[in-house]
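Each remark here refers to the structure printed beneath this line.
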Amino acid sequence: MTGLDDPRRSVPRELAPLLRMEVAPVSVSIFEAIEKSIPEYSTFRDNVVDGIRQALVKFVDRIAAPDSEPDPHDDIHRKLGAWEFKSGRSLDSLQAAYRIGARVAWRHVCGFAERRELSLRLMSVLGEAMFAHVDELVSLSVEGYAAAQASAAGTLERKRRKLMELLVADSAGNWQAVLDAARAAAWPMPDRLVAVALEPSAAPADDLPADVLVNFEDTTPYLLVPNPAAVTRWLRGALPGWRAAVGLPVIPQDAPRSLACARRVLALSREDVLPDRPVLDCADHIVELTVLADEFLARQLAERALAPLAPLTDLQRTKLAETLLVWLSARGGAPEVAARLKVHPQTVRYRVNQLDELFGDRMHDAEERFNLELALRAHYLLLRD
């Protein structure tokens, strides 16, 4: 607290030397009371006593020189707050210690006022100044605790970012470095994980499990989810407004492959090859991923295998290609194929006769039938161009 509203400015400066003589005995009384109520602080006696002494000294200094400004970067009470966080404790004990210190100090203020025959008004002013000082110390400790917490979180985040980079890199030759990074990031290495590719978005993303590794800053953001189970379901609730593709579950060493599949599915969705949905799962599109793993080869396969259709008109090619794909996949007779195509069975027989003339024995050879079906699926996937 600073400025004209600071109660410490109302305490007469001539009281400062008298109050300074009280610092040592009051420090002892406060520590004894704190030690009795919070036994764990006995282990850190020197730190606690130093904090009490500095608190009292600063109180007196502010009365002696109310216009002086303390160094905000050299304050033991910020350090006490940080120390509580680093010790793995909440601020409850420290704040309890401040409350105990304030009560003990108030008793000493009352005794001091009586011995010095101070007026009731002056005693009230002194008490108000003391409690304002305690409030300031509490605020400093809260700041120190929060700063230490933020620093630790930032450090952990950097370590986890480094771990992510190692996991999605080709690190098979130095897996020990990945394991070391996982230990440093406090991230237990799972048996399986899944990568999730994301479209950049400004939508909120603050409901993810704590063990999910997150990289939202990358130009192609992604997640690494350990021990995946029902990822697609919780992802919709955790990232509303995001478009995502869930990769294939893999051992951690294959994280780059899971991420590559997820990113490929997102790309195929953007190109209208795959459905435009908020969340896509690679497991549902393995055939498409396989067929289009190399688009150049997929085009070559389609062009070569379907070359007999090339001389036909666009309409003829469309009808015969559609009939051929259904005929190959249905493995049934003309009525079943007709039902799927919603045409008359005689139309199917006519088209199959045409196909027999164009493809000959390939229509009835098992290996060639497989090649034709694969070529047709590639053809339809590549029709976007």
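The chains in the structure tokens are called A, B, ... from first to last as shown; in each chain the residues are counted from 1, and the ligands are counted from 1 in the order shown.
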
Problem set entry | Exercise: range 233-236 of chain A partners within 12 Å, only C-alpha atoms, chain neighbours under 6 positions left out, as a ChimeraX atom specification | /A:196-198,205-209,212,223,225,242-246,277-281

Quick one: residues within 7 Å of range 373-385 of chain A, only C-alpha atoms counted, chain neighbours fewer than 6 positions away excluded, as a compact mmCIF listing (two decimals) with N, CA and C atoms, in the first residue's frame?
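As written to disk, out03.txt reads:
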# COMPACT_ATOMS: atom_id res chain seq x y z
N VAL A 273 -12.00 -35.03 -50.63
CA VAL A 273 -11.89 -36.46 -50.87
C VAL A 273 -12.56 -37.22 -49.73
N VAL A 291 -4.65 -46.26 -50.58
CA VAL A 291 -4.75 -46.06 -52.03
C VAL A 291 -4.04 -44.79 -52.46
N ALA A 298 -0.94 -43.88 -57.70
CA ALA A 298 -2.38 -44.13 -57.79
C ALA A 298 -2.91 -43.72 -59.15
N LEU A 301 -1.73 -46.26 -61.75
CA LEU A 301 -2.52 -47.48 -61.66
C LEU A 301 -3.87 -47.29 -62.33
N ALA A 302 -4.56 -46.19 -62.00
CA ALA A 302 -5.88 -45.95 -62.57
C ALA A 302 -5.82 -45.82 -64.09
N ALA A 305 -4.71 -49.42 -65.68
CA ALA A 305 -5.70 -50.49 -65.52
C ALA A 305 -6.99 -50.19 -66.27
N LEU A 325 -17.22 -51.29 -61.06
CA LEU A 325 -16.87 -51.25 -59.63
C LEU A 325 -17.90 -52.02 -58.80
N LEU A 328 -17.56 -55.79 -59.47
CA LEU A 328 -16.37 -56.36 -58.82
C LEU A 328 -16.56 -56.49 -57.31

For this session: For each of A:Leu315, A:Leu118, A:Ser87, A:Val214, take the minimum atom-to-atom distance to Lys162 in chain A, counting only C-alpha atoms, then give the residue where this is smallest.
Result: A:Val214

For this session: Enumerate the residues of range 210-318 of chain A with a DSSP assignment of helix (DSSP H, G or I), computed from the backbone, and present them as number ranges by chain.
Result: A: 231-238, 252-270, 282-284, 286-291, 295-305, 307-309, 314-318

Problem set entry | Two-atom distance - CA of Gly81 in chain A, CA of Met21 in chain A (Å) |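 Computed distance, CA of Gly81 in chain A to CA of Met21 in chain A, equals 27.7 Å.
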
Exercise. Suppose you want the space between CA of Val57 in chain A and CA of Ser42 in chain A; what is it in Å?
Worked result: 21.9 Å

Problem set entry | Pro188 in chain A environment, 9 Å, only C-alpha atoms, sequence neighbours closer than 4 positions dropped, as an NGL selection string | :A and (182-183 or 211 or 226)

For this session: Compile the contact shell of Asp191 in chain A as a list in words: residues with an atom at most 8 Å away, counting only C-alpha atoms, same-chain residues fewer than 6 positions apart removed.
Result: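 These residues fall inside the cut-off: Pro226, Asn227, Ile251 and Pro252 of chain A.
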